>>> print(open('upload_31.cif').read())   # mmCIF, C-alpha atoms
data_model
loop_
_atom_site.group_PDB
_atom_site.id
_atom_site.type_symbol
_atom_site.label_atom_id
_atom_site.label_comp_id
_atom_site.auth_asym_id
_atom_site.auth_seq_id
_atom_site.Cartn_x
_atom_site.Cartn_y
_atom_site.Cartn_z
ATOM 1 C CA MET A 1 124.707 37.105 93.090
ATOM 2 C CA LEU A 2 123.676 39.025 89.976
ATOM 3 C CA ARG A 3 120.359 39.910 91.583
ATOM 4 C CA LYS A 4 122.124 41.419 94.600
ATOM 5 C CA LYS A 5 124.347 43.522 92.340
ATOM 6 C CA ILE A 6 121.321 44.793 90.410
ATOM 7 C CA ILE A 7 119.490 45.716 93.641
ATOM 8 C CA LYS A 8 122.612 47.484 94.949
ATOM 9 C CA LEU A 9 122.983 49.397 91.685
ATOM 10 C CA ILE A 10 119.331 50.469 91.712
ATOM 11 C CA SER A 11 119.693 51.649 95.322
ATOM 12 C CA LYS A 12 122.701 53.783 94.399
ATOM 13 C CA VAL A 13 120.843 55.284 91.435
ATOM 14 C CA LEU A 14 117.852 56.169 93.639
ATOM 15 C CA ILE A 15 120.072 57.794 96.271
ATOM 16 C CA ILE A 16 121.977 59.838 93.671
ATOM 17 C CA SER A 17 118.701 60.872 92.005
ATOM 18 C CA SER A 18 117.213 62.073 95.275
ATOM 19 C CA ILE A 19 120.340 64.140 96.029
ATOM 20 C CA VAL A 20 120.293 65.733 92.567
ATOM 21 C CA LEU A 21 116.580 66.567 92.902
ATOM 22 C CA ALA A 22 117.147 68.115 96.326
ATOM 23 C CA LEU A 23 119.909 70.318 94.934
ATOM 24 C CA LEU A 24 117.880 71.393 91.911
ATOM 25 C CA MET A 25 114.651 72.170 93.754
ATOM 26 C CA PRO A 26 114.208 75.707 95.185
ATOM 27 C CA LEU A 27 114.177 76.075 98.942
ATOM 28 C CA ASN A 28 110.479 76.918 98.890
ATOM 29 C CA PRO A 29 109.064 75.602 95.620
ATOM 30 C CA CYS A 30 105.413 76.398 96.412
ATOM 31 C CA CYS A 31 105.927 79.948 97.533
ATOM 32 C CA ALA A 32 106.879 82.605 94.989
ATOM 33 C CA SER A 33 106.891 85.177 97.772
ATOM 34 C CA ALA A 34 109.766 83.555 99.687
ATOM 35 C CA ASN A 35 112.348 86.142 98.634
ATOM 36 C CA LYS A 36 110.088 89.194 98.860
ATOM 37 C CA ARG A 37 110.160 91.717 101.672
ATOM 38 C CA ILE A 38 107.511 94.085 103.018
ATOM 39 C CA LEU A 39 107.894 96.943 105.482
ATOM 40 C CA ILE A 40 104.900 98.117 107.551
ATOM 41 C CA TYR A 41 105.016 101.121 109.884
ATOM 42 C CA HIS A 42 102.640 103.660 111.428
ATOM 43 C CA SER A 43 103.171 107.406 111.301
ATOM 44 C CA HIS A 44 100.181 107.615 113.686
ATOM 45 C CA THR A 45 100.501 104.770 116.194
ATOM 46 C CA ALA A 46 97.841 106.255 118.509
ATOM 47 C CA GLU A 47 94.977 105.694 116.055
ATOM 48 C CA SER A 48 92.506 103.153 117.427
ATOM 49 C CA TYR A 49 89.089 101.640 116.725
ATOM 50 C CA CYS A 50 85.877 101.716 118.758
ATOM 51 C CA ASP A 51 86.679 98.617 120.836
ATOM 52 C CA GLY A 52 90.239 99.632 121.783
ATOM 53 C CA TYR A 53 91.907 97.694 118.973
ATOM 54 C CA ASP A 54 94.515 99.939 117.346
ATOM 55 C CA VAL A 55 96.422 100.337 114.082
ATOM 56 C CA VAL A 56 99.596 98.781 115.500
ATOM 57 C CA LYS A 57 97.682 95.582 116.281
ATOM 58 C CA GLY A 58 96.009 95.848 112.882
ATOM 59 C CA GLY A 59 99.444 96.191 111.277
ATOM 60 C CA GLU A 60 100.706 93.131 113.133
ATOM 61 C CA ASP A 61 97.661 91.145 112.017
ATOM 62 C CA LEU A 62 98.320 92.093 108.382
ATOM 63 C CA SER A 63 102.031 91.316 108.873
ATOM 64 C CA ASN A 64 101.263 87.840 110.194
ATOM 65 C CA LYS A 65 98.868 87.099 107.343
ATOM 66 C CA LEU A 66 101.538 88.099 104.839
ATOM 67 C CA ARG A 67 104.181 86.069 106.695
ATOM 68 C CA LYS A 68 101.953 82.997 106.364
ATOM 69 C CA LYS A 69 102.061 83.561 102.624
ATOM 70 C CA GLY A 70 105.857 83.419 102.705
ATOM 71 C CA TYR A 71 106.833 87.085 102.883
ATOM 72 C CA THR A 72 109.510 88.514 105.124
ATOM 73 C CA VAL A 73 107.679 91.336 106.888
ATOM 74 C CA HIS A 74 109.393 93.990 108.993
ATOM 75 C CA HIS A 75 106.750 95.607 111.210
ATOM 76 C CA ILE A 76 107.957 98.799 112.885
ATOM 77 C CA ILE A 77 105.962 99.808 115.967
ATOM 78 C CA ASP A 78 108.003 102.865 116.992
ATOM 79 C CA LYS A 79 105.896 105.828 118.128
ATOM 80 C CA PHE A 80 106.323 108.674 115.679
ATOM 81 C CA ASP A 81 103.341 110.688 116.940
ATOM 82 C CA THR A 82 104.266 111.572 120.520
ATOM 83 C CA ASP A 83 104.492 115.049 119.021
ATOM 84 C CA TYR A 84 101.581 114.709 116.594
ATOM 85 C CA LYS A 85 102.420 117.602 114.278
ATOM 86 C CA ASN A 86 105.847 116.070 113.636
ATOM 87 C CA SER A 87 104.603 112.511 113.027
ATOM 88 C CA TYR A 88 105.410 112.390 109.315
ATOM 89 C CA TYR A 89 108.746 114.129 109.816
ATOM 90 C CA ASN A 90 109.691 111.505 112.412
ATOM 91 C CA SER A 91 108.660 108.521 110.276
ATOM 92 C CA ASN A 92 110.377 110.145 107.288
ATOM 93 C CA ARG A 93 113.613 110.322 109.269
ATOM 94 C CA MET A 94 113.303 106.627 110.149
ATOM 95 C CA LEU A 95 112.797 105.644 106.505
ATOM 96 C CA LYS A 96 115.827 107.648 105.392
ATOM 97 C CA GLU A 97 117.981 105.549 107.711
ATOM 98 C CA LYS A 98 116.918 102.311 106.002
ATOM 99 C CA ASP A 99 117.819 100.678 102.705
ATOM 100 C CA LEU A 100 114.385 100.951 101.130
ATOM 101 C CA SER A 101 115.523 99.323 97.900
ATOM 102 C CA LYS A 102 115.325 95.872 99.523
ATOM 103 C CA TYR A 103 111.566 96.149 100.121
ATOM 104 C CA ASP A 104 109.029 95.166 97.474
ATOM 105 C CA LEU A 105 106.280 97.085 99.279
ATOM 106 C CA ILE A 106 106.275 99.673 102.083
ATOM 107 C CA ILE A 107 102.997 100.483 103.854
ATOM 108 C CA ASP A 108 102.228 103.359 106.208
ATOM 109 C CA TYR A 109 99.205 101.750 107.908
ATOM 110 C CA HIS A 110 96.535 104.153 109.234
ATOM 111 C CA ARG A 111 92.886 104.450 110.208
ATOM 112 C CA ASP A 112 90.563 107.216 109.041
ATOM 113 C CA SER A 113 88.307 109.225 111.358
ATOM 114 C CA ILE A 114 84.570 109.722 110.991
ATOM 115 C CA ASN A 115 81.681 109.958 113.430
ATOM 116 C CA LYS A 116 79.289 107.384 112.006
ATOM 117 C CA LYS A 117 79.416 103.638 111.492
ATOM 118 C CA ILE A 118 80.621 102.790 107.983
ATOM 119 C CA THR A 119 81.275 99.249 106.816
ATOM 120 C CA SER A 120 81.053 97.190 103.679
ATOM 121 C CA LYS A 121 79.865 93.607 103.316
ATOM 122 C CA ASP A 122 81.941 90.897 101.701
ATOM 123 C CA LYS A 123 80.486 88.269 99.380
ATOM 124 C CA ASN A 124 79.570 86.131 102.387
ATOM 125 C CA GLY A 125 77.591 88.957 104.000
ATOM 126 C CA ASN A 126 80.194 89.671 106.705
ATOM 127 C CA GLU A 127 80.804 93.262 107.714
ATOM 128 C CA ILE A 128 84.297 94.476 106.839
ATOM 129 C CA ALA A 129 86.155 97.749 107.261
ATOM 130 C CA LYS A 130 86.447 99.954 104.207
ATOM 131 C CA THR A 131 89.907 100.769 102.902
ATOM 132 C CA MET A 132 91.375 103.828 101.229
ATOM 133 C CA PHE A 133 94.788 104.759 99.844
ATOM 134 C CA VAL A 134 96.411 108.188 99.960
ATOM 135 C CA LEU A 135 98.851 109.423 97.311
ATOM 136 C CA THR A 136 100.845 112.596 96.685
ATOM 137 C CA LYS A 137 101.011 113.820 93.100
ATOM 138 C CA GLU A 138 103.968 116.211 92.902
ATOM 139 C CA GLN A 139 106.784 113.696 93.293
ATOM 140 C CA ASP A 140 108.529 111.362 90.855
ATOM 141 C CA ASN A 141 107.080 108.091 92.183
ATOM 142 C CA TYR A 142 103.415 109.068 91.839
ATOM 143 C CA PHE A 143 102.616 107.088 88.677
ATOM 144 C CA SER A 144 104.313 103.900 89.924
ATOM 145 C CA GLN A 145 102.520 104.148 93.259
ATOM 146 C CA LYS A 146 99.182 104.878 91.599
ATOM 147 C CA ALA A 147 99.621 101.799 89.400
ATOM 148 C CA THR A 148 100.287 99.662 92.503
ATOM 149 C CA VAL A 149 97.279 101.094 94.329
ATOM 150 C CA ASN A 150 95.022 100.566 91.306
ATOM 151 C CA LYS A 151 96.071 96.912 91.132
ATOM 152 C CA ILE A 152 95.403 96.340 94.838
ATOM 153 C CA GLU A 153 92.028 98.081 94.589
ATOM 154 C CA LYS A 154 91.065 95.951 91.603
ATOM 155 C CA GLU A 155 91.935 92.740 93.464
ATOM 156 C CA LEU A 156 90.069 93.898 96.579
ATOM 157 C CA ALA A 157 86.953 94.629 94.553
ATOM 158 C CA THR A 158 87.183 91.243 92.851
ATOM 159 C CA ILE A 159 87.683 89.013 95.886
ATOM 160 C CA SER A 160 85.761 90.920 98.570
ATOM 161 C CA SER A 161 83.272 93.575 97.502
ATOM 162 C CA SER A 162 83.272 96.430 95.035
ATOM 163 C CA ASP A 163 82.055 98.582 97.931
ATOM 164 C CA MET A 164 85.070 97.826 100.131
ATOM 165 C CA VAL A 165 87.371 100.324 98.429
ATOM 166 C CA ARG A 166 86.901 104.051 98.885
ATOM 167 C CA LYS A 167 88.137 106.477 96.253
ATOM 168 C CA THR A 168 91.891 107.129 96.522
ATOM 169 C CA TRP A 169 92.599 110.478 98.158
ATOM 170 C CA GLU A 170 95.263 112.501 96.368
ATOM 171 C CA TYR A 171 97.222 115.473 97.707
ATOM 172 C CA LYS A 172 99.655 117.644 95.809
ATOM 173 C CA LYS A 173 102.435 117.318 98.386
ATOM 174 C CA GLY A 174 100.934 116.357 101.723
ATOM 175 C CA ILE A 175 103.353 116.503 104.635
ATOM 176 C CA THR A 176 106.835 115.579 103.374
ATOM 177 C CA TYR A 177 104.981 113.831 100.505
ATOM 178 C CA TYR A 178 104.070 111.249 103.197
ATOM 179 C CA SER A 179 107.583 109.950 102.393
ATOM 180 C CA GLN A 180 106.375 108.674 99.014
ATOM 181 C CA ASN A 181 109.215 110.534 97.315
ATOM 182 C CA LEU A 182 111.698 108.150 98.983
ATOM 183 C CA SER A 183 110.663 104.993 97.111
ATOM 184 C CA GLU A 184 108.255 104.029 94.352
ATOM 185 C CA ASN A 185 107.094 101.167 96.602
ATOM 186 C CA ILE A 186 105.707 103.334 99.444
ATOM 187 C CA ILE A 187 101.923 103.616 99.825
ATOM 188 C CA LEU A 188 99.711 105.021 102.575
ATOM 189 C CA LEU A 189 96.798 102.793 103.593
ATOM 190 C CA GLU A 190 93.813 103.733 105.742
ATOM 191 C CA ASN A 191 92.037 100.607 106.954
ATOM 192 C CA GLY A 192 88.657 101.457 108.411
ATOM 193 C CA PHE A 193 87.380 104.234 110.656
ATOM 194 C CA ASN A 194 87.382 104.963 114.388
ATOM 195 C CA THR A 195 83.924 103.303 114.510
ATOM 196 C CA ASN A 196 85.090 99.932 113.153
ATOM 197 C CA THR A 197 85.794 96.877 115.290
ATOM 198 C CA GLU A 198 88.744 94.516 115.580
ATOM 199 C CA LEU A 199 86.905 91.774 113.693
ATOM 200 C CA GLU A 200 85.955 94.086 110.814
ATOM 201 C CA VAL A 201 89.559 95.305 110.513
ATOM 202 C CA LYS A 202 90.948 91.772 110.609
ATOM 203 C CA ARG A 203 88.541 90.660 107.898
ATOM 204 C CA SER A 204 89.725 93.521 105.718
ATOM 205 C CA ASN A 205 93.327 92.569 106.441
ATOM 206 C CA THR A 206 92.574 89.095 105.133
ATOM 207 C CA TYR A 207 91.452 90.550 101.805
ATOM 208 C CA LEU A 208 94.369 93.003 101.782
ATOM 209 C CA SER A 209 96.874 90.181 102.285
ATOM 210 C CA TYR A 210 95.371 88.200 99.386
ATOM 211 C CA SER A 211 95.370 91.277 97.144
ATOM 212 C CA ILE A 212 98.944 92.258 98.012
ATOM 213 C CA ASP A 213 100.101 88.693 97.438
ATOM 214 C CA LYS A 214 98.354 88.654 94.075
ATOM 215 C CA ILE A 215 99.917 91.877 92.773
ATOM 216 C CA LEU A 216 103.420 91.142 94.065
ATOM 217 C CA ASN A 217 103.474 87.774 92.304
ATOM 218 C CA LYS A 218 102.107 88.811 88.908
#
>>> encode(input="upload_31.cif", output="structure tokens")
Amino acid sequence: MLRKKIIKLISKVLIISSIVLALLMPLNPCCASANKRILIYHSHTAESYCDGYDVVKGGEDLSNKLRKKGYTVHHIIDKFDTDYKNSYYNSNRMLKEKDLSKYDLIIDYHRDSINKKITSKDKNGNEIAKTMFVLTKEQDNYFSQKATVNKIEKELATISSSDMVRKTWEYKKGITYYSQNLSENIILLENGFNTNTELEVKRSNTYLSYSIDKILNK
């Protein structure tokens, strides 16, 4: 009789303990990125690579890689460049309609243009697309954005190749400051050239996702 009571008591203690632990544990204990949000959009949706892969698909690939790391990613695929000269004005208008304060990082995802094949090699010898960031200097968020870009570049050089990152291009104002005056978390990324391939871009996205994850969780 006493043995049964002891077993029953132990069972109750175990049940109560498991409930308490469940309540105390975070919803996603192994993912520090669970409550962080990223916005990706394309001022120039028509930009594509040599095999027909385009920046919108590249942006979705990066979005999915970040989602797998626990981020909530809002990928906007609206066409802002149907009238090319107004592309940045159109994307700027879209951003002004959103609450940008809820995003930890906002990326205008592009591709650069050049007429020759340019790649880098990662530490495994695989060809990857080179990346470059674009900043505007004459707006209040410049130093915060430059600090973010410098951190991403440092991580990219560490985990992929020091040759992967091209020198950051800086304008005074650009076109509407490339919207960087709207939030300190906005950066403009150029992933690869028109001569790169889908695979090279996706490999670079893998390194970008690791680097972004690293800097957002420091």
>>> resolve_selection(input="upload_31.cif", expression="the PyMOL selection byres ((chain A and resi 57) around 10)", output="ChimeraX atom specification")
/A:45,48,53-56,58-63,77,198,201-202
>>> resolve_selection(input="upload_31.cif", expression="the PyMOL selection byres ((chain A and resi 150) around 12)", output="list in words")
Met132, Phe133, Val134, Leu135, Tyr142, Phe143, Ser144, Gln145, Lys146, Ala147, Thr148, Val149, Lys151, Ile152, Glu153, Lys154, Glu155, Leu156, Ala157, Val165, Arg166, Lys167, Thr168, Ile187, Ser211, Ile212 and Ile215 of chain A
>>> resolve_selection(input="upload_31.cif", expression="the PyMOL selection byres ((chain A and resi 104) around 6)", output="list of chain:residue names")
A:Arg37, A:Ile38, A:Tyr103, A:Leu105
>>> closest_residue(input="upload_31.cif", among="A:Asp99, A:Glu138, A:Asp213, A:Asp163", to="A:Tyr177", atoms="all atoms listed in the file")
A:Glu138
>>> atom_distance(input="upload_31.cif", atom1="atom CA of A:Thr176", atom2="atom CA of A:Lys36")
27.0 Å
>>> residues_around(input="upload_31.cif", residues="A:Cys50", least_positions_apart="5", cutoff="10 Å", atoms="all atoms listed in the file", output="short mmCIF file (atom, residue, chain, number, x, y, z; two decimals) with C-alpha atoms, in the frame of the given file")
data_model
loop_
_atom_site.label_atom_id
_atom_site.label_comp_id
_atom_site.auth_asym_id
_atom_site.auth_seq_id
_atom_site.Cartn_x
_atom_site.Cartn_y
_atom_site.Cartn_z
CA LYS A 117 79.42 103.64 111.49
CA PHE A 193 87.38 104.23 110.66
CA ASN A 194 87.38 104.96 114.39
CA THR A 195 83.92 103.30 114.51
CA ASN A 196 85.09 99.93 113.15
CA THR A 197 85.79 96.88 115.29
CA GLU A 198 88.74 94.52 115.58
#
>>> residues_around(input="upload_31.cif", residues="A:Ser87", least_positions_apart="6", cutoff="6 Å", atoms="all atoms listed in the file", output="list of chain:residue names")
A:Ser43, A:Phe80, A:Asp81
>>> write_last_selection(input="upload_31.cif", atoms="C-alpha atoms", output="PDB file, keeping the file's coordinate frame")
ATOM      1  CA  SER A  43     103.171 107.406 111.301  1.00  0.00           C
ATOM      2  CA  PHE A  80     106.323 108.674 115.679  1.00  0.00           C
ATOM      3  CA  ASP A  81     103.341 110.688 116.940  1.00  0.00           C
TER       4      ASP A  81
END
>>> residues_around(input="upload_31.cif", residues="A:His44", least_positions_apart="6", cutoff="12 Å", atoms="all atoms listed in the file", output="list in words")
Asp54, Val55, Val56, Gly59, Ile76, Ile77, Asp78, Lys79, Phe80, Asp81, Thr82, Asp83, Tyr84, Lys85, Asn86, Ser87, Tyr88, Tyr89, Asn90, Ser91, Asp108, Tyr109, His110, Arg111, Asp112, Tyr178, Leu188, Leu189 and Glu190 of chain A
>>> write_last_selection(input="upload_31.cif", atoms="C-alpha atoms", output="PDB file, in the frame of the given file")
ATOM      1  CA  ASP A  54      94.515  99.939 117.346  1.00  0.00           C
ATOM      2  CA  VAL A  55      96.422 100.337 114.082  1.00  0.00           C
ATOM      3  CA  VAL A  56      99.596  98.781 115.500  1.00  0.00           C
ATOM      4  CA  GLY A  59      99.444  96.191 111.277  1.00  0.00           C
ATOM      5  CA  ILE A  76     107.957  98.799 112.885  1.00  0.00           C
ATOM      6  CA  ILE A  77     105.962  99.808 115.967  1.00  0.00           C
ATOM      7  CA  ASP A  78     108.003 102.865 116.992  1.00  0.00           C
ATOM      8  CA  LYS A  79     105.896 105.828 118.128  1.00  0.00           C
ATOM      9  CA  PHE A  80     106.323 108.674 115.679  1.00  0.00           C
ATOM     10  CA  ASP A  81     103.341 110.688 116.940  1.00  0.00           C
ATOM     11  CA  THR A  82     104.266 111.572 120.520  1.00  0.00           C
ATOM     12  CA  ASP A  83     104.492 115.049 119.021  1.00  0.00           C
ATOM     13  CA  TYR A  84     101.581 114.709 116.594  1.00  0.00           C
ATOM     14  CA  LYS A  85     102.420 117.602 114.278  1.00  0.00           C
ATOM     15  CA  ASN A  86     105.847 116.070 113.636  1.00  0.00           C
ATOM     16  CA  SER A  87     104.603 112.511 113.027  1.00  0.00           C
ATOM     17  CA  TYR A  88     105.410 112.390 109.315  1.00  0.00           C
ATOM     18  CA  TYR A  89     108.746 114.129 109.816  1.00  0.00           C
ATOM     19  CA  ASN A  90     109.691 111.505 112.412  1.00  0.00           C
ATOM     20  CA  SER A  91     108.660 108.521 110.276  1.00  0.00           C
ATOM     21  CA  ASP A 108     102.228 103.359 106.208  1.00  0.00           C
ATOM     22  CA  TYR A 109      99.205 101.750 107.908  1.00  0.00           C
ATOM     23  CA  HIS A 110      96.535 104.153 109.234  1.00  0.00           C
ATOM     24  CA  ARG A 111      92.886 104.450 110.208  1.00  0.00           C
ATOM     25  CA  ASP A 112      90.563 107.216 109.041  1.00  0.00           C
ATOM     26  CA  TYR A 178     104.070 111.249 103.197  1.00  0.00           C
ATOM     27  CA  LEU A 188      99.711 105.021 102.575  1.00  0.00           C
ATOM     28  CA  LEU A 189      96.798 102.793 103.593  1.00  0.00           C
ATOM     29  CA  GLU A 190      93.813 103.733 105.742  1.00  0.00           C
TER      30      GLU A 190
END
>>> axis_aligned_box(input="upload_31.cif", around="stretch 59-74 of chain A", padding_each_side="6 Å", output="JSON")
{"center_x": 103.6, "center_y": 89.6, "center_z": 107.9, "size_x": 23.8, "size_y": 25.2, "size_z": 22.5}
>>> closest_residue(input="upload_31.cif", among="A:Ile106, A:Leu182, A:Asp51, A:Ser161", to="A:Glu127", atoms="all atoms listed in the file")
A:Ser161
>>> closest_residue(input="upload_31.cif", among="A:Arg93, A:Lys137, A:Lys121, A:Lys68", to="A:Tyr171", atoms="all atoms listed in the file")
A:Lys137
>>> atom_distance(input="upload_31.cif", atom1="atom CA of A:Trp169", atom2="atom CA of A:Ile107")
15.5 Å
>>> closest_residue(input="upload_31.cif", among="A:Tyr210, A:Tyr49, A:Leu39, A:Asn92", to="A:His75", atoms="only C-alpha atoms")
A:Leu39
>>> atom_distance(input="upload_31.cif", atom1="atom CA of A:Ala129", atom2="atom CA of A:Asn64")
18.3 Å
>>> decode(input="upload_31.cif", residues="stretch 41-85 of chain A", atoms="C-alpha atoms", output="PDB file, in the first residue's frame")
ATOM      1  CA  TYR A  41      12.665  43.624 -52.003  1.00  0.00           C
ATOM      2  CA  HIS A  42      13.974  44.513 -55.462  1.00  0.00           C
ATOM      3  CA  SER A  43      13.967  48.017 -56.893  1.00  0.00           C
ATOM      4  CA  HIS A  44      15.082  46.367 -60.166  1.00  0.00           C
ATOM      5  CA  THR A  45      13.128  43.123 -60.549  1.00  0.00           C
ATOM      6  CA  ALA A  46      14.133  42.727 -64.220  1.00  0.00           C
ATOM      7  CA  GLU A  47      17.815  42.106 -63.446  1.00  0.00           C
ATOM      8  CA  SER A  48      18.819  38.572 -64.417  1.00  0.00           C
ATOM      9  CA  TYR A  49      21.869  36.328 -64.760  1.00  0.00           C
ATOM     10  CA  CYS A  50      23.352  34.607 -67.809  1.00  0.00           C
ATOM     11  CA  ASP A  51      21.224  31.451 -67.528  1.00  0.00           C
ATOM     12  CA  GLY A  52      17.870  33.224 -67.065  1.00  0.00           C
ATOM     13  CA  TYR A  53      17.914  33.056 -63.270  1.00  0.00           C
ATOM     14  CA  ASP A  54      16.915  36.466 -61.903  1.00  0.00           C
ATOM     15  CA  VAL A  55      17.243  38.582 -58.762  1.00  0.00           C
ATOM     16  CA  VAL A  56      13.694  37.809 -57.615  1.00  0.00           C
ATOM     17  CA  LYS A  57      14.514  34.090 -57.575  1.00  0.00           C
ATOM     18  CA  GLY A  58      17.835  34.922 -55.931  1.00  0.00           C
ATOM     19  CA  GLY A  59      15.966  36.938 -53.298  1.00  0.00           C
ATOM     20  CA  GLU A  60      13.592  34.049 -52.654  1.00  0.00           C
ATOM     21  CA  ASP A  61      16.528  31.660 -52.292  1.00  0.00           C
ATOM     22  CA  LEU A  62      18.139  33.961 -49.712  1.00  0.00           C
ATOM     23  CA  SER A  63      14.751  34.371 -47.990  1.00  0.00           C
ATOM     24  CA  ASN A  64      14.300  30.612 -47.692  1.00  0.00           C
ATOM     25  CA  LYS A  65      17.807  30.130 -46.317  1.00  0.00           C
ATOM     26  CA  LEU A  66      17.136  32.771 -43.677  1.00  0.00           C
ATOM     27  CA  ARG A  67      13.728  31.252 -42.879  1.00  0.00           C
ATOM     28  CA  LYS A  68      15.448  27.919 -42.211  1.00  0.00           C
ATOM     29  CA  LYS A  69      17.533  29.733 -39.628  1.00  0.00           C
ATOM     30  CA  GLY A  70      14.367  30.870 -37.860  1.00  0.00           C
ATOM     31  CA  TYR A  71      13.815  34.350 -39.275  1.00  0.00           C
ATOM     32  CA  THR A  72      10.489  35.741 -40.387  1.00  0.00           C
ATOM     33  CA  VAL A  73      11.255  36.986 -43.893  1.00  0.00           C
ATOM     34  CA  HIS A  74       8.912  39.170 -45.930  1.00  0.00           C
ATOM     35  CA  HIS A  75       9.971  38.928 -49.582  1.00  0.00           C
ATOM     36  CA  ILE A  76       8.337  41.559 -51.786  1.00  0.00           C
ATOM     37  CA  ILE A  77       8.318  40.708 -55.498  1.00  0.00           C
ATOM     38  CA  ASP A  78       6.356  43.726 -56.765  1.00  0.00           C
ATOM     39  CA  LYS A  79       7.718  45.216 -59.995  1.00  0.00           C
ATOM     40  CA  PHE A  80       9.026  48.695 -59.309  1.00  0.00           C
ATOM     41  CA  ASP A  81      10.943  49.014 -62.591  1.00  0.00           C
ATOM     42  CA  THR A  82       8.240  48.873 -65.261  1.00  0.00           C
ATOM     43  CA  ASP A  83       9.235  52.510 -65.678  1.00  0.00           C
ATOM     44  CA  TYR A  84      12.961  52.058 -65.051  1.00  0.00           C
ATOM     45  CA  LYS A  85      13.861  55.671 -64.296  1.00  0.00           C
TER      46      LYS A  85
END
